[in-house]
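*Asks:* Dropping in input-v4.cif, with mmCIF, C-alpha atoms.
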data_run
loop_
_atom_site.label_atom_id
_atom_site.label_comp_id
_atom_site.auth_asym_id
_atom_site.auth_seq_id
_atom_site.Cartn_x
_atom_site.Cartn_y
_atom_site.Cartn_z
CA MET A 217 21.43 -45.89 -10.89
CA ALA A 218 22.16 -45.57 -7.18
CA ASN A 219 19.81 -43.37 -5.26
CA GLU A 220 21.46 -42.94 -1.92
CA VAL A 221 19.62 -40.60 0.43
CA VAL A 222 20.90 -39.58 3.86
CA LEU A 223 19.11 -37.10 6.08
CA LEU A 224 20.95 -35.30 8.87
CA GLY A 225 18.51 -34.03 11.49
CA TYR A 226 17.95 -33.16 15.12
CA TRP A 227 14.84 -34.74 16.64
CA PRO A 228 13.08 -31.66 18.18
CA SER A 229 13.93 -29.31 15.31
CA GLN A 230 10.87 -28.22 13.32
CA TYR A 231 13.16 -27.72 10.31
CA GLY A 232 14.45 -31.28 10.44
CA MET A 233 10.94 -32.64 10.89
CA ARG A 234 9.87 -30.94 7.67
CA ALA A 235 12.54 -32.72 5.64
CA ARG A 236 11.73 -36.04 7.28
CA ILE A 237 7.99 -35.78 6.62
CA ALA A 238 8.74 -34.98 2.96
CA VAL A 239 10.95 -38.04 2.42
CA GLU A 240 8.44 -40.24 4.24
CA GLU A 241 5.50 -38.91 2.20
CA LYS A 242 7.34 -39.76 -0.99
CA GLY A 243 8.23 -43.23 0.25
CA ILE A 244 11.93 -42.61 -0.39
CA PRO A 245 14.28 -45.14 1.24
CA TYR A 246 16.74 -43.14 3.34
CA GLU A 247 19.20 -43.29 6.19
CA TYR A 248 18.56 -40.93 9.09
CA LYS A 249 21.47 -39.62 11.16
CA GLU A 250 20.85 -37.76 14.39
CA GLU A 251 22.96 -34.64 15.02
CA ASP A 252 22.83 -33.19 18.51
CA ALA A 253 22.58 -29.42 18.03
CA TRP A 254 23.80 -28.79 21.60
CA ASN A 255 26.98 -30.70 21.02
CA TYR A 256 29.22 -27.96 19.73
CA ASP A 257 31.49 -30.50 18.12
CA ARG A 258 29.57 -30.86 14.92
CA SER A 259 30.13 -34.15 13.15
CA PRO A 260 32.67 -34.04 10.30
CA LEU A 261 29.89 -35.03 7.91
CA LEU A 262 27.69 -32.08 8.90
CA LEU A 263 30.61 -29.63 8.65
CA GLU A 264 31.50 -30.98 5.23
CA MET A 265 27.93 -30.94 3.93
CA ASN A 266 26.82 -27.59 5.38
CA PRO A 267 29.97 -25.52 5.82
CA VAL A 268 28.04 -22.24 5.50
CA HIS A 269 25.53 -22.64 8.34
CA LYS A 270 26.71 -25.86 10.07
CA LYS A 271 23.07 -26.71 10.76
CA THR A 272 20.57 -29.45 10.13
CA PRO A 273 18.60 -30.53 8.22
CA VAL A 274 20.85 -31.55 5.38
CA LEU A 275 19.63 -33.91 2.71
CA ILE A 276 22.50 -35.75 1.06
CA HIS A 277 21.47 -37.21 -2.31
CA ASN A 278 24.12 -39.37 -3.94
CA GLY A 279 26.77 -37.51 -1.95
CA LYS A 280 25.52 -34.02 -2.82
CA PRO A 281 24.13 -31.83 -0.01
CA ILE A 282 20.96 -29.76 -0.04
CA CYS A 283 20.46 -27.39 2.91
CA GLU A 284 17.65 -25.21 4.32
CA SER A 285 14.42 -27.09 5.08
CA LEU A 286 12.08 -25.40 2.59
CA ILE A 287 14.67 -25.75 -0.17
CA VAL A 288 14.99 -29.44 0.75
CA ILE A 289 11.22 -29.95 0.44
CA GLU A 290 11.14 -28.32 -3.02
CA TYR A 291 14.11 -30.41 -4.14
CA ILE A 292 12.47 -33.62 -2.97
CA ASP A 293 9.23 -32.65 -4.71
CA GLU A 294 11.04 -31.93 -7.98
CA VAL A 295 13.22 -35.04 -8.05
CA TRP A 296 10.64 -37.57 -6.78
CA ASN A 297 7.79 -36.17 -8.78
CA HIS A 298 6.02 -39.45 -9.46
CA LYS A 299 3.90 -39.45 -6.31
CA SER A 300 2.46 -37.32 -3.51
CA PRO A 301 3.05 -33.87 -5.03
CA LEU A 302 3.74 -31.38 -2.27
CA LEU A 303 3.42 -28.26 -4.40
CA PRO A 304 0.46 -27.62 -6.70
CA SER A 305 1.02 -27.54 -10.45
CA ASP A 306 -0.54 -24.12 -11.14
CA PRO A 307 2.03 -21.28 -10.83
CA TYR A 308 -0.33 -18.96 -8.91
CA ASP A 309 -1.22 -21.69 -6.41
CA ARG A 310 2.49 -22.49 -6.08
CA ALA A 311 3.19 -18.83 -5.32
CA GLN A 312 0.52 -18.84 -2.61
CA ALA A 313 1.97 -22.04 -1.09
CA ARG A 314 5.48 -20.55 -1.10
CA PHE A 315 4.19 -17.30 0.43
CA TRP A 316 2.50 -19.10 3.36
CA ALA A 317 5.42 -21.47 3.92
CA ASP A 318 7.69 -18.41 4.10
CA PHE A 319 5.22 -16.80 6.54
CA VAL A 320 5.37 -19.85 8.81
CA HIS A 321 9.15 -19.93 8.50
CA ARG A 322 9.83 -16.30 9.36
CA LYS A 323 6.90 -14.99 11.38
CA VAL A 324 5.65 -18.02 13.31
CA TYR A 325 9.07 -19.31 14.31
CA GLY A 326 10.31 -15.94 15.60
CA ALA A 327 7.17 -15.19 17.61
CA ALA A 328 7.05 -18.72 19.08
CA LYS A 329 10.68 -18.57 20.13
CA ARG A 330 10.04 -15.40 22.14
CA ILE A 331 7.29 -17.15 24.09
CA TRP A 332 9.57 -19.77 25.60
CA THR A 333 13.02 -18.14 25.60
CA THR A 334 12.12 -14.73 27.02
CA LYS A 335 10.02 -13.29 29.80
CA GLY A 336 7.90 -10.30 30.71
CA GLU A 337 6.93 -7.87 27.96
CA GLU A 338 8.98 -9.61 25.29
CA ARG A 339 7.22 -12.88 25.99
CA GLU A 340 3.80 -11.23 25.94
CA GLY A 341 4.68 -9.63 22.62
CA GLY A 342 5.71 -12.99 21.21
CA LYS A 343 2.52 -14.63 22.43
CA LYS A 344 0.33 -11.92 20.90
CA GLU A 345 2.10 -12.15 17.56
CA PHE A 346 2.01 -15.96 17.63
CA ILE A 347 -1.74 -16.05 18.21
CA GLU A 348 -2.30 -13.50 15.42
CA CYS A 349 -0.27 -15.73 13.09
CA MET A 350 -2.36 -18.75 14.08
CA LYS A 351 -5.60 -16.91 13.32
CA LEU A 352 -4.28 -15.83 9.92
CA LEU A 353 -3.32 -19.42 9.17
CA GLU A 354 -6.75 -20.61 10.29
CA GLN A 355 -8.30 -18.17 7.84
CA GLN A 356 -6.01 -19.42 5.11
CA LEU A 357 -6.93 -23.05 5.82
CA GLY A 358 -10.65 -22.27 5.70
CA GLU A 359 -12.80 -25.34 5.14
CA LYS A 360 -10.06 -27.39 3.48
CA PRO A 361 -8.84 -30.52 5.26
CA TYR A 362 -5.23 -29.52 4.57
CA PHE A 363 -3.50 -26.35 3.38
CA GLY A 364 -2.62 -28.42 0.31
CA GLY A 365 -6.31 -29.19 -0.34
CA ASP A 366 -7.24 -32.86 -0.16
CA ASN A 367 -3.75 -33.96 0.74
CA LEU A 368 -0.69 -32.77 2.62
CA GLY A 369 1.08 -29.96 0.78
CA PHE A 370 4.04 -27.64 1.15
CA VAL A 371 2.45 -25.47 3.85
CA ASP A 372 1.22 -28.47 5.84
CA VAL A 373 4.73 -29.94 5.87
CA ALA A 374 6.25 -26.55 6.78
CA PHE A 375 3.80 -25.91 9.61
CA VAL A 376 2.77 -29.21 11.24
CA PRO A 377 6.14 -29.74 13.06
CA PHE A 378 5.18 -26.79 15.29
CA TYR A 379 2.43 -28.97 16.76
CA SER A 380 5.03 -30.88 18.75
CA TRP A 381 5.98 -27.57 20.40
CA PHE A 382 2.43 -26.37 21.20
CA GLN A 383 2.61 -27.60 24.80
CA VAL A 384 5.79 -25.56 25.29
CA TYR A 385 4.10 -22.40 23.97
CA GLU A 386 0.92 -23.03 25.99
CA LYS A 387 2.73 -23.60 29.28
CA PHE A 388 5.11 -20.67 29.02
CA GLY A 389 2.66 -18.34 27.29
CA LYS A 390 -0.17 -19.36 29.61
CA PHE A 391 -2.82 -19.83 26.94
CA ASN A 392 -4.74 -22.66 25.36
CA MET A 393 -4.31 -23.41 21.65
CA GLU A 394 -7.64 -25.25 21.38
CA ALA A 395 -9.45 -22.23 22.76
CA GLU A 396 -7.61 -19.71 20.58
CA CYS A 397 -7.54 -21.61 17.29
CA PRO A 398 -9.55 -24.84 17.35
CA ASN A 399 -9.32 -25.37 13.59
CA ILE A 400 -5.53 -25.45 13.75
CA ILE A 401 -5.69 -28.18 16.40
CA ALA A 402 -8.22 -30.12 14.34
CA TRP A 403 -5.98 -29.76 11.27
CA ALA A 404 -2.87 -30.91 13.18
CA LYS A 405 -4.67 -34.00 14.49
CA ARG A 406 -5.80 -34.76 10.95
CA CYS A 407 -2.16 -34.53 9.79
CA LEU A 408 -1.05 -36.83 12.61
CA LYS A 409 -3.21 -39.59 11.09
CA LYS A 410 -0.69 -39.62 8.22
CA GLU A 411 2.11 -42.07 8.83
CA SER A 412 4.79 -39.64 7.65
CA VAL A 413 3.76 -37.11 10.30
CA ALA A 414 3.05 -39.59 13.12
CA LYS A 415 6.44 -41.20 12.60
CA THR A 416 8.30 -37.89 12.62
CA LEU A 417 6.73 -35.66 15.26
CA PRO A 418 8.13 -36.22 18.74
CA ASP A 419 5.90 -36.43 21.79
CA GLN A 420 4.93 -33.00 23.17
CA HIS A 421 6.06 -33.93 26.70
CA LYS A 422 9.50 -34.91 25.48
CA VAL A 423 9.82 -31.56 23.70
CA TYR A 424 8.61 -29.72 26.81
CA ASP A 425 11.27 -31.42 28.97
CA LEU A 426 13.90 -30.38 26.46
CA ALA A 427 12.63 -26.78 26.46
CA ILE A 428 13.02 -26.65 30.26
CA TRP A 429 16.59 -27.94 29.93
CA ILE A 430 17.40 -25.40 27.19
CA ARG A 431 15.97 -22.52 29.25
CA LYS A 432 18.20 -23.50 32.18
CA LYS A 433 21.17 -23.69 29.84
CA LEU A 434 20.37 -20.26 28.40
CA GLY A 435 19.82 -18.85 31.90
CA VAL A 436 16.21 -17.76 31.30
CA GLU A 437 14.34 -17.59 34.57
CA MET B 183 -7.88 -8.93 -24.86
CA GLU B 184 -6.40 -5.84 -23.17
CA GLU B 185 -7.12 -7.20 -19.71
CA GLN B 186 -5.40 -10.53 -20.38
CA ASN B 187 -1.92 -10.54 -19.02
CA LYS B 188 -2.19 -7.23 -17.25
CA VAL B 189 0.82 -6.89 -15.00
CA VAL B 190 1.26 -4.19 -12.36
CA LEU B 191 4.24 -3.87 -10.04
CA HIS B 192 3.85 -1.93 -6.81
CA GLY B 193 7.31 -0.85 -5.70
CA MET B 194 9.51 1.82 -4.20
CA TRP B 195 12.36 3.22 -6.29
CA LEU B 196 15.14 2.49 -3.80
CA SER B 197 13.91 -0.88 -2.53
CA PRO B 198 16.28 -3.64 -3.71
CA PHE B 199 13.40 -6.12 -3.30
CA ALA B 200 11.19 -4.17 -5.70
CA LYS B 201 14.16 -3.65 -8.03
CA ARG B 202 14.65 -7.42 -8.30
CA VAL B 203 11.12 -7.90 -9.56
CA GLU B 204 11.44 -4.97 -11.96
CA LEU B 205 14.62 -6.54 -13.38
CA ALA B 206 12.99 -9.98 -13.65
CA LEU B 207 10.10 -8.51 -15.66
CA LYS B 208 12.49 -6.60 -17.94
CA VAL B 209 14.76 -9.60 -18.48
CA LYS B 210 11.72 -11.62 -19.55
CA ASN B 211 10.42 -8.72 -21.69
CA ILE B 212 7.09 -8.66 -19.88
CA PRO B 213 5.20 -5.40 -20.32
CA PHE B 214 4.04 -3.96 -17.02
CA ASN B 215 2.72 -0.86 -15.31
CA TYR B 216 4.63 0.47 -12.34
CA VAL B 217 3.08 2.06 -9.27
CA GLU B 218 5.44 3.97 -6.98
CA GLU B 219 4.38 3.56 -3.35
CA ASP B 220 5.05 6.13 -0.65
CA LEU B 221 6.02 3.80 2.19
CA LYS B 222 5.02 6.43 4.75
CA ASN B 223 1.56 6.64 3.20
CA LYS B 224 0.77 3.27 1.70
CA SER B 225 -1.97 3.11 -0.88
CA GLU B 226 -5.23 1.32 -0.17
CA LEU B 227 -4.49 -0.97 -3.08
CA LEU B 228 -1.18 -2.06 -1.54
CA LEU B 229 -2.84 -2.78 1.79
CA LYS B 230 -5.55 -4.73 -0.02
CA TYR B 231 -3.04 -6.76 -2.08
CA ASN B 232 -0.61 -7.42 0.77
CA PRO B 233 -2.64 -7.36 3.98
CA VAL B 234 -0.23 -9.74 5.75
CA HIS B 235 3.04 -7.81 5.38
CA LYS B 236 1.85 -4.47 3.92
CA LYS B 237 5.10 -4.23 1.96
CA VAL B 238 6.45 -3.78 -1.53
CA PRO B 239 6.98 -5.37 -3.93
CA VAL B 240 3.62 -6.77 -4.95
CA LEU B 241 3.06 -8.13 -8.43
CA VAL B 242 -0.54 -7.99 -9.55
CA HIS B 243 -1.24 -10.29 -12.50
CA ASN B 244 -4.74 -9.96 -13.95
CA GLY B 245 -5.89 -8.61 -10.61
CA ASN B 246 -4.29 -11.44 -8.59
CA PRO B 247 -1.54 -10.39 -6.17
CA VAL B 248 1.73 -12.20 -5.54
CA CYS B 249 3.92 -11.03 -2.64
CA GLU B 250 7.51 -11.57 -1.45
CA SER B 251 10.18 -10.85 -4.06
CA LEU B 252 11.68 -14.35 -4.31
CA VAL B 253 8.21 -15.90 -4.55
CA ILE B 254 7.32 -13.37 -7.26
CA ILE B 255 10.47 -14.15 -9.27
CA GLU B 256 9.72 -17.89 -9.26
CA TYR B 257 6.12 -17.12 -10.25
CA ILE B 258 7.34 -15.00 -13.17
CA ASP B 259 9.71 -17.75 -14.29
CA GLU B 260 6.97 -20.41 -14.15
CA THR B 261 4.26 -18.32 -15.81
CA TRP B 262 6.19 -16.73 -18.66
CA LYS B 263 8.04 -19.64 -20.14
CA ASN B 264 9.52 -17.65 -23.06
CA GLY B 265 12.75 -15.74 -22.72
CA PRO B 266 15.71 -16.56 -20.47
CA LYS B 267 15.15 -18.93 -17.56
CA LEU B 268 15.68 -17.10 -14.30
CA LEU B 269 16.29 -20.38 -12.47
CA PRO B 270 18.12 -23.41 -13.86
CA GLU B 271 16.20 -26.53 -14.97
CA ASP B 272 18.25 -29.04 -13.01
CA PRO B 273 16.77 -29.58 -9.50
CA TYR B 274 20.17 -29.65 -7.77
CA LYS B 275 21.27 -26.40 -9.43
CA ARG B 276 17.89 -24.89 -8.55
CA ALA B 277 18.46 -25.83 -4.92
CA GLN B 278 21.88 -24.16 -5.01
CA VAL B 279 20.43 -20.99 -6.57
CA ARG B 280 17.66 -20.90 -3.95
CA PHE B 281 20.24 -21.41 -1.20
CA TRP B 282 22.43 -18.51 -2.32
CA SER B 283 19.39 -16.28 -3.00
CA LYS B 284 18.27 -16.87 0.57
CA PHE B 285 21.79 -16.30 1.88
CA MET B 286 22.07 -12.95 0.11
CA GLN B 287 18.61 -11.95 1.28
CA ASP B 288 18.91 -13.00 4.91
CA GLN B 289 22.56 -12.23 5.59
CA LEU B 290 23.42 -9.15 3.55
CA PHE B 291 20.52 -6.74 3.40
CA GLU B 292 19.92 -6.19 7.11
CA ASN B 293 23.61 -5.70 7.72
CA SER B 294 23.84 -3.04 5.02
CA VAL B 295 20.95 -1.15 6.66
CA VAL B 296 22.74 -1.23 10.03
CA ILE B 297 25.94 0.02 8.40
CA LEU B 298 24.01 2.91 6.85
CA LYS B 299 22.18 3.88 10.02
CA THR B 300 24.95 3.67 12.64
CA GLU B 301 28.39 5.01 13.43
CA GLY B 302 31.32 4.25 15.70
CA GLU B 303 31.46 0.84 17.34
CA ALA B 304 28.02 -0.28 16.19
CA GLN B 305 28.92 0.45 12.59
CA GLN B 306 32.32 -1.20 12.91
CA LYS B 307 30.69 -4.37 14.19
CA ALA B 308 28.20 -4.39 11.30
CA VAL B 309 31.02 -3.85 8.80
CA LYS B 310 32.97 -6.75 10.32
CA ASP B 311 29.85 -9.00 10.15
CA MET B 312 29.28 -7.97 6.53
CA TYR B 313 32.89 -8.71 5.68
CA GLU B 314 32.64 -12.22 7.15
CA LYS B 315 29.45 -12.92 5.22
CA LEU B 316 30.94 -11.63 1.99
CA CYS B 317 33.87 -14.02 2.51
CA VAL B 318 31.36 -16.88 2.67
CA LEU B 319 29.59 -15.61 -0.45
CA GLU B 320 32.90 -15.19 -2.31
CA LYS B 321 33.80 -18.81 -1.60
CA GLY B 322 30.31 -20.02 -2.47
CA MET B 323 30.15 -18.18 -5.77
CA LYS B 324 33.67 -19.29 -6.69
CA GLU B 325 32.47 -22.89 -6.31
CA TYR B 326 29.13 -22.21 -8.02
CA PHE B 327 30.45 -20.57 -11.19
CA PRO B 328 32.19 -22.87 -13.72
CA ASP B 329 35.96 -22.34 -13.35
CA GLY B 330 35.23 -19.91 -10.52
CA LYS B 331 34.45 -17.12 -12.97
CA PRO B 332 31.11 -15.35 -13.24
CA GLU B 333 29.61 -15.53 -16.72
CA VAL B 334 27.47 -12.51 -17.35
CA ASP B 335 25.71 -11.60 -20.55
CA ASP B 336 22.55 -9.79 -21.55
CA ASN B 337 20.92 -12.95 -22.91
CA ASN B 338 21.43 -15.13 -19.91
CA ILE B 339 20.57 -13.19 -16.79
CA GLY B 340 19.48 -15.32 -13.85
CA VAL B 341 18.03 -14.75 -10.41
CA LEU B 342 21.41 -14.64 -8.64
CA ASP B 343 22.58 -11.93 -11.07
CA ILE B 344 19.38 -10.01 -10.35
CA ILE B 345 19.61 -10.26 -6.57
CA PHE B 346 23.31 -9.45 -6.36
CA GLY B 347 23.07 -6.66 -8.92
CA SER B 348 20.13 -4.99 -7.18
CA ALA B 349 21.78 -5.31 -3.76
CA PHE B 350 25.16 -3.86 -4.72
CA GLY B 351 24.49 -1.95 -7.94
CA ALA B 352 24.48 1.39 -6.11
CA TYR B 353 27.94 0.73 -4.67
CA LYS B 354 29.24 4.13 -5.84
CA ALA B 355 26.48 5.94 -3.95
CA HIS B 356 27.18 3.91 -0.80
CA HIS B 357 30.88 4.73 -1.14
CA GLU B 358 30.13 8.43 -1.45
CA VAL B 359 27.85 8.50 1.60
CA LEU B 360 29.77 6.13 3.87
CA GLY B 361 33.33 6.25 2.60
CA LEU B 362 33.23 2.45 2.54
CA ASN B 363 33.93 0.12 -0.32
CA MET B 364 32.78 -3.32 0.74
CA LEU B 365 33.58 -5.22 -2.44
CA GLU B 366 37.24 -4.44 -3.04
CA ALA B 367 38.76 -6.37 -5.95
CA ASP B 368 41.76 -7.63 -4.02
CA LYS B 369 39.65 -9.00 -1.16
CA PHE B 370 36.71 -10.29 -3.23
CA PRO B 371 37.94 -10.93 -6.77
CA VAL B 372 34.97 -13.10 -7.80
CA LEU B 373 32.26 -10.85 -6.33
CA ASN B 374 33.95 -7.70 -7.59
CA SER B 375 34.34 -8.95 -11.16
CA TRP B 376 30.75 -10.21 -11.07
CA LEU B 377 29.42 -6.84 -9.94
CA MET B 378 31.51 -4.86 -12.43
CA ALA B 379 30.14 -7.04 -15.25
CA LEU B 380 26.54 -6.79 -13.98
CA VAL B 381 26.45 -2.98 -13.76
CA GLU B 382 27.46 -2.82 -17.45
CA LEU B 383 24.44 -4.82 -18.59
CA GLN B 384 21.91 -2.82 -20.56
CA VAL B 385 18.98 -3.86 -18.36
CA MET B 386 20.85 -2.93 -15.15
CA LYS B 387 21.91 0.45 -16.51
CA GLU B 388 18.35 1.27 -17.56
CA ALA B 389 16.87 0.21 -14.25
CA ALA B 390 19.45 1.99 -12.08
CA PRO B 391 18.06 5.09 -10.36
CA PRO B 392 20.11 8.32 -10.85
CA HIS B 393 23.26 8.38 -8.72
CA GLU B 394 22.59 11.81 -7.15
CA LYS B 395 19.07 10.83 -6.15
CA VAL B 396 20.38 7.69 -4.44
CA VAL B 397 23.13 9.65 -2.65
CA GLN B 398 20.64 12.24 -1.38
CA PHE B 399 18.22 9.64 -0.14
CA LEU B 400 20.90 7.54 1.57
CA GLN B 401 22.23 10.68 3.27
CA PHE B 402 18.72 11.54 4.41
CA LEU B 403 18.14 8.03 5.81
CA ARG B 404 21.49 8.11 7.59
CA GLN B 405 21.01 11.57 9.09
CA SER B 406 17.47 10.74 10.30
CA ALA B 407 18.66 7.54 11.95
CA LEU B 408 21.70 9.14 13.60
CA SER B 409 19.80 12.16 14.91
CA SER B 410 16.99 10.02 16.34
CA THR B 411 19.57 7.81 18.10
CA SER B 412 21.33 10.79 19.64
CA ALA B 413 18.03 12.41 20.63
CA SER B 414 16.85 9.32 22.56
#
With the file now loaded, output its structure as structure tokens.
*Replies:*
Amino acid sequence: MANEVVLLGYWPSQYGMRARIAVEEKGIPYEYKEEDAWNYDRSPLLLEMNPVHKKTPVLIHNGKPICESLIVIEYIDEVWNHKSPLLPSDPYDRAQARFWADFVHRKVYGAAKRIWTTKGEEREGGKKEFIECMKLLEQQLGEKPYFGGDNLGFVDVAFVPFYSWFQVYEKFGKFNMEAECPNIIAWAKRCLKKESVAKTLPDQHKVYDLAIWIRKKLGVE
Amino acid sequence: MEEQNKVVLHGMWLSPFAKRVELALKVKNIPFNYVEEDLKNKSELLLKYNPVHKKVPVLVHNGNPVCESLVIIEYIDETWKNGPKLLPEDPYKRAQVRFWSKFMQDQLFENSVVILKTEGEAQQKAVKDMYEKLCVLEKGMKEYFPDGKPEVDDNNIGVLDIIFGSAFGAYKAHHEVLGLNMLEADKFPVLNSWLMALVELQVMKEAAPPHEKVVQFLQFLRQSALSSTSAS
């Protein structure tokens, strides 16, 4: 039976990185197609596969699209369930994993965005909230090597893409991640030793250069 | 034995998020105790069980809290395997159900709050946004349901039925307070027929708060919001 997997992504997008790490962790052969989010002419394939949001990532499995990064991770975990489980098997642990992935998705992303796309009070507010989120996540990680325990799990995959943006947050927020939350940095570096993560996360400098370009484009100065 | 499988739901009577969980528990025939929370004076227990968001609903199962309504619903479905399945078995269909659950949650609720709490141009804009999103949902549900027709029955209630029913079930009260009917049959035939079938279900009727109480509370929320806007 054919198992054709195509992943539509955009290289600096944390959402796209999540989907890519998941397919790589599972060792699934796939074709990656880059979609430039700043090119307002979306490709016909993207428009056909995600007509509702017109956004990446989209996982296309045997011609059928799955959208929304966390939904993509769960789908991958359910279909390719023979190796590298990303969600735990116990329902309560699964609920905790889903809760923290949702926390990263809604709270961390919003606060982080304010740090580099706004200024003044709004930026300070974003920075404060972001650091609070990091400390909560540090608490949640505790002594475990990964949020998933001994191996990468749902929350690790949802959160580690943000590491490639840390330099952006540090430079615009004027703070130091290592000083504020050393365990998060240690965790991220541990994740980067995994091939799936190392292969997927872009270089922090490259992301920083892009952030400068986006800020100019948005007129934030 | 009494303490095994002790289920408590912390909710608020008008919260559609809490209502979803209440419906999920009832659909699965899970006995539970309900704790009504005063959101202006949250209980210590609520703050202990949901220190991160401090919100309802929280499901407490044998003393262990689960937060976030969609997370809770999946937990219920995975823990109590008897009774109707709230999510389909097939992974692709599950992904579709999760997609539309998220769409309804992210795109519809906030808009409906803005519509309730504003007037004039601000309200008109929110109504227009809501209309556009409902068009997307109409198309999506037409493609999702076999033959484009919602199939609703008491023995087969799923998470999309629960979310949609709890979001729009009080449509009569909204109409009375706002003079707006968002889900007209001619504009949204699939969504309208789905809603009309859902509100007739036994479990929905039993869980629906009294119409007058909803009207009064919506009027109160609207008046408070409008008078604080004009005062500032």
*Asks:* Starting from the PyMOL selection byres ((chain A) within 12 of (chain B)), expand the selection into actual residues of this file and give them as a ChimeraX atom specification.
*Replies:* /A:266-269,275-297,305-320,322-323,348-349,351-353,355-356
*Asks:* Would you mind exporting C-alpha atoms of the selected residues as a short mmCIF file (atom, residue, chain, number, x, y, z; two decimals), in the frame of the given file?
*Replies:*
data_model
loop_
_atom_site.label_atom_id
_atom_site.label_comp_id
_atom_site.auth_asym_id
_atom_site.auth_seq_id
_atom_site.Cartn_x
_atom_site.Cartn_y
_atom_site.Cartn_z
CA ASN A 266 26.82 -27.59 5.38
CA PRO A 267 29.97 -25.52 5.82
CA VAL A 268 28.04 -22.24 5.50
CA HIS A 269 25.53 -22.64 8.34
CA LEU A 275 19.63 -33.91 2.71
CA ILE A 276 22.50 -35.75 1.06
CA HIS A 277 21.47 -37.21 -2.31
CA ASN A 278 24.12 -39.37 -3.94
CA GLY A 279 26.77 -37.51 -1.95
CA LYS A 280 25.52 -34.02 -2.82
CA PRO A 281 24.13 -31.83 -0.01
CA ILE A 282 20.96 -29.76 -0.04
CA CYS A 283 20.46 -27.39 2.91
CA GLU A 284 17.65 -25.21 4.32
CA SER A 285 14.42 -27.09 5.08
CA LEU A 286 12.08 -25.40 2.59
CA ILE A 287 14.67 -25.75 -0.17
CA VAL A 288 14.99 -29.44 0.75
CA ILE A 289 11.22 -29.95 0.44
CA GLU A 290 11.14 -28.32 -3.02
CA TYR A 291 14.11 -30.41 -4.14
CA ILE A 292 12.47 -33.62 -2.97
CA ASP A 293 9.23 -32.65 -4.71
CA GLU A 294 11.04 -31.93 -7.98
CA VAL A 295 13.22 -35.04 -8.05
CA TRP A 296 10.64 -37.57 -6.78
CA ASN A 297 7.79 -36.17 -8.78
CA SER A 305 1.02 -27.54 -10.45
CA ASP A 306 -0.54 -24.12 -11.14
CA PRO A 307 2.03 -21.28 -10.83
CA TYR A 308 -0.33 -18.96 -8.91
CA ASP A 309 -1.22 -21.69 -6.41
CA ARG A 310 2.49 -22.49 -6.08
CA ALA A 311 3.19 -18.83 -5.32
CA GLN A 312 0.52 -18.84 -2.61
CA ALA A 313 1.97 -22.04 -1.09
CA ARG A 314 5.48 -20.55 -1.10
CA PHE A 315 4.19 -17.30 0.43
CA TRP A 316 2.50 -19.10 3.36
CA ALA A 317 5.42 -21.47 3.92
CA ASP A 318 7.69 -18.41 4.10
CA PHE A 319 5.22 -16.80 6.54
CA VAL A 320 5.37 -19.85 8.81
CA ARG A 322 9.83 -16.30 9.36
CA LYS A 323 6.90 -14.99 11.38
CA GLU A 348 -2.30 -13.50 15.42
CA CYS A 349 -0.27 -15.73 13.09
CA LYS A 351 -5.60 -16.91 13.32
CA LEU A 352 -4.28 -15.83 9.92
CA LEU A 353 -3.32 -19.42 9.17
CA GLN A 355 -8.30 -18.17 7.84
CA GLN A 356 -6.01 -19.42 5.11
#
*Asks:* What does the PyMOL selection byres ((chain B and resi 396-399) around 10) select in this file, as a VMD selection string?
*Replies:* chain B and resid 195 to 196 352 354 to 360 390 to 395 400 to 405
*Asks:* Skipping near chain neighbours, those fewer than 5 positions away, what residues fall within 10 Å of region 394-400 of chain A using all atoms listed in the file, listed as a list in words?
*Replies:*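 Near region 394-400 of chain A, the qualifying residues are Ile347, Glu348, Met350, Lys351, Leu352, Leu353, Glu354, Gln355, Leu357, Gly358, Glu359, Pro361, Val376, Tyr379, Glu386, Lys405 and Arg406 of chain A.
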*Asks:* Could those selected residues go to a file with C-alpha atoms, as a PDB file, in the coordinates of the input?
*Replies:*
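The resulting file, selection.pdb, is reproduced below:
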ATOM      1  CA  ILE A 347      -1.740 -16.050  18.210  1.00  0.00           C
ATOM      2  CA  GLU A 348      -2.300 -13.500  15.420  1.00  0.00           C
ATOM      3  CA  MET A 350      -2.360 -18.750  14.080  1.00  0.00           C
ATOM      4  CA  LYS A 351      -5.600 -16.910  13.320  1.00  0.00           C
ATOM      5  CA  LEU A 352      -4.280 -15.830   9.920  1.00  0.00           C
ATOM      6  CA  LEU A 353      -3.320 -19.420   9.170  1.00  0.00           C
ATOM      7  CA  GLU A 354      -6.750 -20.610  10.290  1.00  0.00           C
ATOM      8  CA  GLN A 355      -8.300 -18.170   7.840  1.00  0.00           C
ATOM      9  CA  LEU A 357      -6.930 -23.050   5.820  1.00  0.00           C
ATOM     10  CA  GLY A 358     -10.650 -22.270   5.700  1.00  0.00           C
ATOM     11  CA  GLU A 359     -12.800 -25.340   5.140  1.00  0.00           C
ATOM     12  CA  PRO A 361      -8.840 -30.520   5.260  1.00  0.00           C
ATOM     13  CA  VAL A 376       2.770 -29.210  11.240  1.00  0.00           C
ATOM     14  CA  TYR A 379       2.430 -28.970  16.760  1.00  0.00           C
ATOM     15  CA  GLU A 386       0.920 -23.030  25.990  1.00  0.00           C
ATOM     16  CA  LYS A 405      -4.670 -34.000  14.490  1.00  0.00           C
ATOM     17  CA  ARG A 406      -5.800 -34.760  10.950  1.00  0.00           C
TER      18      ARG A 406
END
*Asks:* Could you name the residues that touch region 324-340 of chain A at 8 Å or less, counting only C-alpha atoms, but leaving out those on the same chain fewer than 6 positions away, as a count of residues only?
*Replies:* 10
